[in-house]
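Below you'll find the structure, written out as structure tokens, and then a few comments.
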Amino acid sequence: EFRGLEEARYYIYYFCAKEFTWDKATVDSQPLDYLQKLMYIHKKSMGDAKSQSLMDSRSFRKNF
């Protein structure tokens, strides 16, 4: 089982591979601050999209 820093490191590799198809060498060549900001923006945009989807579905129900 992973713990702490090791788990966070693998999560970053997984996220970058899944979202950008980056390999380990590409991830390792990026500054950590840059990777953190990418992940923050992704999380924020996913939350915004989910909120918008909920609002759209509520609006749809009200109009029916």
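In the structure tokens, the first chain shown is A, the next is B, and so on; residue numbers restart at 1 for each chain, and ligands run from 1 in the order shown.
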
Just the residues within 8 Å of stretch 23-36 of chain A, please, counting only C-alpha atoms, with nothing from its chain fewer than 3 positions along; format it as a VMD selection string.
-> chain A and resid 12 to 13 16 to 17 39 to 40

Å distance separating atom CA of A:Ala8 from atom CA of A:Leu38, one decimal place =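 Interatomic distance, atom CA of A:Ala8 to atom CA of A:Leu38: 14.5 Å.
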
By how many Å are atom CA of A:Glu7 and atom CA of A:Glu19 apart?
->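 Rounded to one decimal, the two atoms are 18.0 Å apart.
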